[in-house]
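Okay, so here's the structure we're looking at.
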Amino acid sequence: MNQAVITSIILFFSFSSLLSGQTGRNQIECWPSEWWIGMQNNRLLLVIQGNNVAQSQAGINQQGITIRNQYSSQNRTHLFLEIEISNNASPGIYPIRLSNRNQAVGVVNFTLNNRVTNFSPATITGADAIYQIVPDRFVNAVPANDNINGYFERSDRRNPAGIHGGDLQGIINSSNYLRQLGVTTIELTPVYETNQLVLSYERFSPTNHYKVDSRLGSINDLTNLVSHYRTRNIKVILTKVLHKAGNQNSLIQNLPAPDWIYQRDNIHSGSDNPIVFADPYASREDIGRQTNRWESFDSPSLNHNNPEVRRYLIQNVLWWIQKTQPDGIKIEKTHLLHPQLLEELSQAITLDFPSLNLIATAETSSVVHNKYWKTGANGEFSFTHITDQPLYRNWMDVFAEYSRPNDMLFNIYKTKARDRAYTDAASQLIFTGDNHDLTRLFTLAEKDLSIFKMYAGFLLTARGIPSFLYGSEVMMEGLAAQGTGFLRGDFPGGWPGDQVSAFNPNTLSNQQREALRYFTTLLNWRKNNPELMTGNTIHFEPRDNIYAYIRESDHKLLLVIINNHISSPKRIEPGRFSTSIGNIGQVTNIATGEVSSGFGNIILNPKSILMLELVKNQ
């Protein structure tokens, strides 16, 4: 046998061993393997995996943890252990000994920690602005972690779908830039370990729910990131994925029971339907089609009808919250989750983290159905915020040159008029201009600076909490139809040797500098006027391609006027708004800084937006 054949055989068996996750000894894993004393959620279901553990008996000799129940899985590799943690327990390691007929099978070292009690998430309100970050594509501060042994994918910046090397330390290093930009909140896409064969940079298909991907950093890096931004008065939102997992996840490769996932031969094809669970008349067949589908061939859908799966996922979310102490948790694609899971998750989070910002993301164009995904049918969900897809669907083409300008403005007007469905639209709705799945803002604006300013101006002044993807402030491009890898390009200046850098305006084009200045001006104005961004909204019926709205506080007004006509300037007479505006004094053009005493008729250029701060006369 020649050397090449021998090498191939060795590589085959090494690769097979890596895929199976098995070693020569009885490697026992436990999820979760640690918890905190004093949590209301003190009764846990431990999932223990290892050879022959299903037939074992578990025992704990130390006081502080009581085993309430234990039972085996349908295979011989999992044991379910229900434990209760006493509030009088002491911190430390609690060995859980597994034995079978007096023969030792193994030991699980379960850790109890003292709970940090001064963790108080800051409330996210309409005065905030959210900056979304895909960690792999933002800043590469630690090139040494780009390629780590044991991970299938290697770093390749030339591949839009590959690993590019951004990391958590890069996000920490960028805090001064983000603070100067004026954002008050950052949102990270998932950071789970995702050792998949392809698209592992996304981290949307976890292969270990209890670990940060080492190519991004460690759990300590993540906790340091949250703490670092908190000291700078910038909030942090983490994204959790509960509807699927990666097929390289050891729990997926070695299922505790077949019904932990929807089996591939039973799944339904086609796109998901965000209405089904919210539909009071939905058939069982339609509900089945909604749940029994995989988003991709290597990401099985988790079966939320299984109570053990629900407990596993809920405990995992609680673990991340207590471990990293973020200000908010966003549940990805909420409309794909079974309502029973959402109800149980809401209840569990409310018990231990009543002030946490909990964000739902339902991809629906209907205000009625959007409201359902925030509250449930009868208030059983406890989400504090929800993304505003209904407004986005009517906004995404509103300023395009080919659109029917007044009709498109009227669609926005009608959508906002339905805000009475919410109790506080200004601080509960997250209005997304672009994200990791949506066409980039500059591309949406047809790469026209004037139209781009209209989109950005509306995004940052309309009611609700604006949210946009990293790099939109320097005109990063990307069309959704071309693929998500092209939407999630590398942030300019995030890699050594980048010739164009958002951190150094001198390297930007004139248009990029103008876009960055525009975003910085509006974001910092928002930050300095929180009472306006959380105050009342008054809007005026679109007429003659003009749409106007007011944001109101006790001492100031924000007046926004949009001319959506493609070629005609418009004369705006103040008398149209006089009753709502009242007696005003100083007027400031927010974008330019120009100040005047009152205002008369205004000539508004075609395809433009005017944003005025009006000080009320007392």
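Residues in the structure tokens are named by chain (A, B, ... in the order shown) and by number from 1 within that chain; ligands are numbered from 1 in the order shown.
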
As a PDB file with N, CA and C atoms, in the first residue's frame, please: the residues near segment 540-553 of chain A (cut-off 9 Å, only C-alpha atoms, same-chain neighbours under 3 positions excluded).
ATOM      1  N   PRO A 405     -45.195  58.493  -6.299  1.00  0.00           N
ATOM      2  CA  PRO A 405     -44.724  59.183  -5.097  1.00  0.00           C
ATOM      3  C   PRO A 405     -45.786  59.442  -4.049  1.00  0.00           C
ATOM      4  N   ASN A 406     -46.948  59.922  -4.433  1.00  0.00           N
ATOM      5  CA  ASN A 406     -47.948  60.238  -3.416  1.00  0.00           C
ATOM      6  C   ASN A 406     -48.596  58.970  -2.864  1.00  0.00           C
ATOM      7  N   ASP A 407     -48.854  57.985  -3.736  1.00  0.00           N
ATOM      8  CA  ASP A 407     -49.443  56.718  -3.284  1.00  0.00           C
ATOM      9  C   ASP A 407     -48.521  56.015  -2.279  1.00  0.00           C
ATOM     10  N   LEU A 409     -46.254  57.428  -0.346  1.00  0.00           N
ATOM     11  CA  LEU A 409     -46.299  58.173   0.909  1.00  0.00           C
ATOM     12  C   LEU A 409     -47.566  57.842   1.688  1.00  0.00           C
ATOM     13  N   PHE A 410     -48.670  57.656   0.974  1.00  0.00           N
ATOM     14  CA  PHE A 410     -49.938  57.359   1.636  1.00  0.00           C
ATOM     15  C   PHE A 410     -49.891  55.988   2.319  1.00  0.00           C
ATOM     16  N   TYR A 413     -48.279  56.577   5.593  1.00  0.00           N
ATOM     17  CA  TYR A 413     -49.253  57.289   6.427  1.00  0.00           C
ATOM     18  C   TYR A 413     -50.268  56.310   7.016  1.00  0.00           C
ATOM     19  N   THR A 461     -35.710  59.876  12.118  1.00  0.00           N
ATOM     20  CA  THR A 461     -36.622  60.852  12.733  1.00  0.00           C
ATOM     21  C   THR A 461     -38.044  60.327  12.918  1.00  0.00           C
ATOM     22  N   ALA A 462     -38.414  59.264  12.214  1.00  0.00           N
ATOM     23  CA  ALA A 462     -39.769  58.718  12.348  1.00  0.00           C
ATOM     24  C   ALA A 462     -39.949  58.102  13.733  1.00  0.00           C
ATOM     25  N   ARG A 463     -41.187  57.909  14.145  1.00  0.00           N
ATOM     26  CA  ARG A 463     -41.433  57.283  15.440  1.00  0.00           C
ATOM     27  C   ARG A 463     -40.878  55.867  15.433  1.00  0.00           C
ATOM     28  N   GLU A 531     -36.283  63.544  24.664  1.00  0.00           N
ATOM     29  CA  GLU A 531     -37.692  63.805  24.944  1.00  0.00           C
ATOM     30  C   GLU A 531     -38.497  63.933  23.650  1.00  0.00           C
ATOM     31  N   LEU A 532     -37.850  64.373  22.571  1.00  0.00           N
ATOM     32  CA  LEU A 532     -38.541  64.441  21.279  1.00  0.00           C
ATOM     33  C   LEU A 532     -38.718  63.049  20.680  1.00  0.00           C
ATOM     34  N   MET A 533     -37.701  62.206  20.837  1.00  0.00           N
ATOM     35  CA  MET A 533     -37.741  60.883  20.228  1.00  0.00           C
ATOM     36  C   MET A 533     -38.683  59.929  20.953  1.00  0.00           C
ATOM     37  N   THR A 534     -39.069  60.271  22.170  1.00  0.00           N
ATOM     38  CA  THR A 534     -40.050  59.454  22.894  1.00  0.00           C
ATOM     39  C   THR A 534     -41.395  60.162  23.009  1.00  0.00           C
ATOM     40  N   GLY A 535     -41.497  61.365  22.435  1.00  0.00           N
ATOM     41  CA  GLY A 535     -42.707  62.164  22.576  1.00  0.00           C
ATOM     42  C   GLY A 535     -43.776  61.817  21.563  1.00  0.00           C
ATOM     43  N   ASN A 536     -44.787  62.679  21.508  1.00  0.00           N
ATOM     44  CA  ASN A 536     -45.930  62.463  20.623  1.00  0.00           C
ATOM     45  C   ASN A 536     -45.532  62.625  19.165  1.00  0.00           C
ATOM     46  N   THR A 537     -46.289  61.963  18.302  1.00  0.00           N
ATOM     47  CA  THR A 537     -46.146  62.122  16.858  1.00  0.00           C
ATOM     48  C   THR A 537     -47.444  62.690  16.290  1.00  0.00           C
ATOM     49  N   LYS A 556     -39.968  71.686  22.698  1.00  0.00           N
ATOM     50  CA  LYS A 556     -39.466  71.693  21.328  1.00  0.00           C
ATOM     51  C   LYS A 556     -40.395  70.904  20.410  1.00  0.00           C
ATOM     52  N   LEU A 557     -40.194  71.139  19.117  1.00  0.00           N
ATOM     53  CA  LEU A 557     -40.838  70.335  18.084  1.00  0.00           C
ATOM     54  C   LEU A 557     -39.786  69.938  17.058  1.00  0.00           C
ATOM     55  N   LEU A 558     -39.976  68.793  16.478  1.00  0.00           N
ATOM     56  CA  LEU A 558     -39.230  68.408  15.281  1.00  0.00           C
ATOM     57  C   LEU A 558     -40.232  68.356  14.134  1.00  0.00           C
ATOM     58  N   LEU A 559     -40.002  69.168  13.122  1.00  0.00           N
ATOM     59  CA  LEU A 559     -40.860  69.172  11.938  1.00  0.00           C
ATOM     60  C   LEU A 559     -40.072  68.578  10.782  1.00  0.00           C
ATOM     61  N   VAL A 560     -40.617  67.520  10.195  1.00  0.00           N
ATOM     62  CA  VAL A 560     -39.984  66.858   9.045  1.00  0.00           C
ATOM     63  C   VAL A 560     -40.912  66.983   7.849  1.00  0.00           C
ATOM     64  N   ILE A 561     -40.368  67.479   6.735  1.00  0.00           N
ATOM     65  CA  ILE A 561     -41.153  67.643   5.512  1.00  0.00           C
ATOM     66  C   ILE A 561     -40.419  66.924   4.387  1.00  0.00           C
ATOM     67  N   ILE A 562     -41.152  66.120   3.641  1.00  0.00           N
ATOM     68  CA  ILE A 562     -40.570  65.336   2.548  1.00  0.00           C
ATOM     69  C   ILE A 562     -41.252  65.712   1.239  1.00  0.00           C
ATOM     70  N   ASN A 563     -40.439  66.049   0.245  1.00  0.00           N
ATOM     71  CA  ASN A 563     -40.936  66.241  -1.118  1.00  0.00           C
ATOM     72  C   ASN A 563     -40.532  65.019  -1.920  1.00  0.00           C
ATOM     73  N   ASN A 564     -41.495  64.192  -2.275  1.00  0.00           N
ATOM     74  CA  ASN A 564     -41.196  62.926  -2.947  1.00  0.00           C
ATOM     75  C   ASN A 564     -41.330  63.021  -4.458  1.00  0.00           C
ATOM     76  N   HIS A 565     -41.605  64.212  -4.980  1.00  0.00           N
ATOM     77  CA  HIS A 565     -41.731  64.355  -6.436  1.00  0.00           C
ATOM     78  C   HIS A 565     -40.362  64.232  -7.088  1.00  0.00           C
ATOM     79  N   LYS A 570     -41.272  72.187  -4.432  1.00  0.00           N
ATOM     80  CA  LYS A 570     -42.575  72.477  -3.844  1.00  0.00           C
ATOM     81  C   LYS A 570     -42.452  73.651  -2.867  1.00  0.00           C
ATOM     82  N   ILE A 572     -43.743  75.217   0.414  1.00  0.00           N
ATOM     83  CA  ILE A 572     -44.391  74.779   1.638  1.00  0.00           C
ATOM     84  C   ILE A 572     -44.777  76.017   2.443  1.00  0.00           C
ATOM     85  N   PHE A 577     -49.302  73.994   8.817  1.00  0.00           N
ATOM     86  CA  PHE A 577     -48.987  73.329  10.081  1.00  0.00           C
ATOM     87  C   PHE A 577     -49.228  74.226  11.288  1.00  0.00           C
ATOM     88  N   SER A 580     -50.922  72.980  14.654  1.00  0.00           N
ATOM     89  CA  SER A 580     -50.149  71.967  15.383  1.00  0.00           C
ATOM     90  C   SER A 580     -48.841  72.533  15.923  1.00  0.00           C
ATOM     91  N   ILE A 581     -48.255  73.502  15.208  1.00  0.00           N
ATOM     92  CA  ILE A 581     -46.966  74.044  15.631  1.00  0.00           C
ATOM     93  C   ILE A 581     -47.135  75.093  16.728  1.00  0.00           C
TER      94      ILE A 581
END

TODO: List every residue of segment 210-413 of chain A that DSSP, applied to the backbone of this structure, places in strand (DSSP E or B), and write the result as a list in words.
DONE: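 Selection result, strand (DSSP E or B) within segment 210-413 of chain A: Tyr210, Lys211, Val212, Lys235, Val236, Ile237, Leu238, Thr239, Lys240, Lys244, Ile261, Ser296, Ser299, Ser301, Leu302, Gly328, Ile329, Lys330, Ile331, Asn357, Leu358, Ile359, Ala360, His385, Ile386 and Thr387 of chain A.
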
Next, write the just-selected residues to a file, as a PDB file, in the first residue's frame, keeping N, CA and C atoms as the atom set.
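And here's again-v4.pdb as it stands now:
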ATOM      1  N   TYR A 210     -23.691  26.429  24.264  1.00  0.00           N
ATOM      2  CA  TYR A 210     -23.139  26.986  25.492  1.00  0.00           C
ATOM      3  C   TYR A 210     -21.707  27.490  25.316  1.00  0.00           C
ATOM      4  N   LYS A 211     -21.333  27.844  24.099  1.00  0.00           N
ATOM      5  CA  LYS A 211     -19.962  28.295  23.878  1.00  0.00           C
ATOM      6  C   LYS A 211     -19.924  29.375  22.809  1.00  0.00           C
ATOM      7  N   VAL A 212     -19.049  30.367  23.014  1.00  0.00           N
ATOM      8  CA  VAL A 212     -18.763  31.361  21.987  1.00  0.00           C
ATOM      9  C   VAL A 212     -17.815  30.729  20.971  1.00  0.00           C
ATOM     10  N   LYS A 235     -25.805  50.381  25.059  1.00  0.00           N
ATOM     11  CA  LYS A 235     -26.457  49.129  25.413  1.00  0.00           C
ATOM     12  C   LYS A 235     -26.066  48.028  24.417  1.00  0.00           C
ATOM     13  N   VAL A 236     -26.204  46.793  24.858  1.00  0.00           N
ATOM     14  CA  VAL A 236     -25.835  45.649  24.029  1.00  0.00           C
ATOM     15  C   VAL A 236     -27.001  44.668  23.949  1.00  0.00           C
ATOM     16  N   ILE A 237     -27.327  44.269  22.720  1.00  0.00           N
ATOM     17  CA  ILE A 237     -28.358  43.264  22.447  1.00  0.00           C
ATOM     18  C   ILE A 237     -27.676  42.038  21.852  1.00  0.00           C
ATOM     19  N   LEU A 238     -27.998  40.863  22.377  1.00  0.00           N
ATOM     20  CA  LEU A 238     -27.503  39.598  21.822  1.00  0.00           C
ATOM     21  C   LEU A 238     -28.652  38.888  21.110  1.00  0.00           C
ATOM     22  N   THR A 239     -28.324  38.186  20.036  1.00  0.00           N
ATOM     23  CA  THR A 239     -29.325  37.469  19.239  1.00  0.00           C
ATOM     24  C   THR A 239     -29.306  35.987  19.586  1.00  0.00           C
ATOM     25  N   LYS A 240     -30.476  35.422  19.798  1.00  0.00           N
ATOM     26  CA  LYS A 240     -30.606  34.001  20.093  1.00  0.00           C
ATOM     27  C   LYS A 240     -31.419  33.314  19.004  1.00  0.00           C
ATOM     28  N   LYS A 244     -33.648  26.368  15.149  1.00  0.00           N
ATOM     29  CA  LYS A 244     -32.849  25.381  14.419  1.00  0.00           C
ATOM     30  C   LYS A 244     -31.491  25.227  15.088  1.00  0.00           C
ATOM     31  N   ILE A 261     -35.937  16.774  16.650  1.00  0.00           N
ATOM     32  CA  ILE A 261     -35.962  17.567  15.422  1.00  0.00           C
ATOM     33  C   ILE A 261     -37.044  17.011  14.508  1.00  0.00           C
ATOM     34  N   SER A 296     -32.327  25.172   5.765  1.00  0.00           N
ATOM     35  CA  SER A 296     -31.287  24.732   4.848  1.00  0.00           C
ATOM     36  C   SER A 296     -31.000  23.259   5.107  1.00  0.00           C
ATOM     37  N   SER A 299     -29.289  22.437   8.533  1.00  0.00           N
ATOM     38  CA  SER A 299     -29.786  23.082   9.760  1.00  0.00           C
ATOM     39  C   SER A 299     -31.157  22.533  10.122  1.00  0.00           C
ATOM     40  N   SER A 301     -34.629  21.695  11.879  1.00  0.00           N
ATOM     41  CA  SER A 301     -35.543  22.468  12.711  1.00  0.00           C
ATOM     42  C   SER A 301     -35.809  21.718  14.008  1.00  0.00           C
ATOM     43  N   LEU A 302     -35.761  22.457  15.121  1.00  0.00           N
ATOM     44  CA  LEU A 302     -36.007  21.861  16.424  1.00  0.00           C
ATOM     45  C   LEU A 302     -37.505  21.740  16.671  1.00  0.00           C
ATOM     46  N   GLY A 328     -30.350  43.486  26.303  1.00  0.00           N
ATOM     47  CA  GLY A 328     -31.471  42.947  25.565  1.00  0.00           C
ATOM     48  C   GLY A 328     -31.139  41.629  24.898  1.00  0.00           C
ATOM     49  N   ILE A 329     -32.193  40.855  24.638  1.00  0.00           N
ATOM     50  CA  ILE A 329     -32.096  39.601  23.889  1.00  0.00           C
ATOM     51  C   ILE A 329     -33.080  39.695  22.727  1.00  0.00           C
ATOM     52  N   LYS A 330     -32.588  39.428  21.539  1.00  0.00           N
ATOM     53  CA  LYS A 330     -33.449  39.387  20.360  1.00  0.00           C
ATOM     54  C   LYS A 330     -33.643  37.936  19.949  1.00  0.00           C
ATOM     55  N   ILE A 331     -34.888  37.525  19.777  1.00  0.00           N
ATOM     56  CA  ILE A 331     -35.202  36.164  19.352  1.00  0.00           C
ATOM     57  C   ILE A 331     -35.363  36.166  17.838  1.00  0.00           C
ATOM     58  N   ASN A 357     -34.781  43.836  28.145  1.00  0.00           N
ATOM     59  CA  ASN A 357     -35.411  44.131  26.861  1.00  0.00           C
ATOM     60  C   ASN A 357     -35.470  42.840  26.041  1.00  0.00           C
ATOM     61  N   LEU A 358     -36.665  42.409  25.704  1.00  0.00           N
ATOM     62  CA  LEU A 358     -36.876  41.157  24.975  1.00  0.00           C
ATOM     63  C   LEU A 358     -37.540  41.486  23.646  1.00  0.00           C
ATOM     64  N   ILE A 359     -36.846  41.185  22.559  1.00  0.00           N
ATOM     65  CA  ILE A 359     -37.238  41.673  21.235  1.00  0.00           C
ATOM     66  C   ILE A 359     -37.712  40.529  20.358  1.00  0.00           C
ATOM     67  N   ALA A 360     -38.900  40.693  19.799  1.00  0.00           N
ATOM     68  CA  ALA A 360     -39.451  39.726  18.840  1.00  0.00           C
ATOM     69  C   ALA A 360     -39.189  40.225  17.422  1.00  0.00           C
ATOM     70  N   HIS A 385     -40.336  44.675  22.911  1.00  0.00           N
ATOM     71  CA  HIS A 385     -40.183  45.339  21.623  1.00  0.00           C
ATOM     72  C   HIS A 385     -40.463  44.339  20.495  1.00  0.00           C
ATOM     73  N   ILE A 386     -40.780  44.904  19.333  1.00  0.00           N
ATOM     74  CA  ILE A 386     -40.931  44.079  18.137  1.00  0.00           C
ATOM     75  C   ILE A 386     -40.482  44.875  16.925  1.00  0.00           C
ATOM     76  N   THR A 387     -39.882  44.190  15.975  1.00  0.00           N
ATOM     77  CA  THR A 387     -39.468  44.870  14.749  1.00  0.00           C
ATOM     78  C   THR A 387     -40.693  45.279  13.940  1.00  0.00           C
TER      79      THR A 387
END

- [ ] Find the residues near Thr185 of chain A: any atom within 7 Å, counting only C-alpha atoms, skip ones fewer than 2 places away on the same chain, and give them as a list of chain:residue names.
- [x]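 So, after excluding close chain neighbours, the residues are A:Asp128, A:Ala129, A:Ile130, A:Tyr131, A:Val183, A:Glu187, A:Ile234, A:Lys235, A:Val236.
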
- [ ] Using only C-alpha atoms, determine which residues lie at most 10 Å from Lys333 of chain A, disregarding the query and same-chain residues fewer than 2 positions distant; provide the list as a ChimeraX atom specification.
- [x] /A:240-243,274,330-331,335-337,360-363

Store the residues of this selection in a file with C-alpha atoms, as an mmCIF file, in the first residue's frame.
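Written file, out05.cif:
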data_model
loop_
_atom_site.group_PDB
_atom_site.id
_atom_site.type_symbol
_atom_site.label_atom_id
_atom_site.label_comp_id
_atom_site.auth_asym_id
_atom_site.auth_seq_id
_atom_site.Cartn_x
_atom_site.Cartn_y
_atom_site.Cartn_z
ATOM 1 C CA LYS A 240 -30.606 34.001 20.093
ATOM 2 C CA VAL A 241 -31.634 31.327 17.582
ATOM 3 C CA LEU A 242 -34.243 28.880 18.898
ATOM 4 C CA HIS A 243 -35.783 27.406 15.772
ATOM 5 C CA PRO A 274 -45.479 34.265 9.442
ATOM 6 C CA LYS A 330 -33.449 39.387 20.360
ATOM 7 C CA ILE A 331 -35.202 36.164 19.352
ATOM 8 C CA HIS A 335 -42.703 33.685 13.840
ATOM 9 C CA LEU A 336 -41.062 30.256 13.439
ATOM 10 C CA LEU A 337 -41.358 29.472 17.149
ATOM 11 C CA ALA A 360 -39.451 39.726 18.840
ATOM 12 C CA THR A 361 -38.737 39.639 15.114
ATOM 13 C CA ALA A 362 -41.791 38.588 13.129
ATOM 14 C CA GLU A 363 -41.549 38.903 9.361
#

Task: Nearest residue to Pro606 of chain A from the set A:Asn41, A:Asn87, A:Ser567, A:Ser200 (distances using only C-alpha atoms) - done: A:Ser567
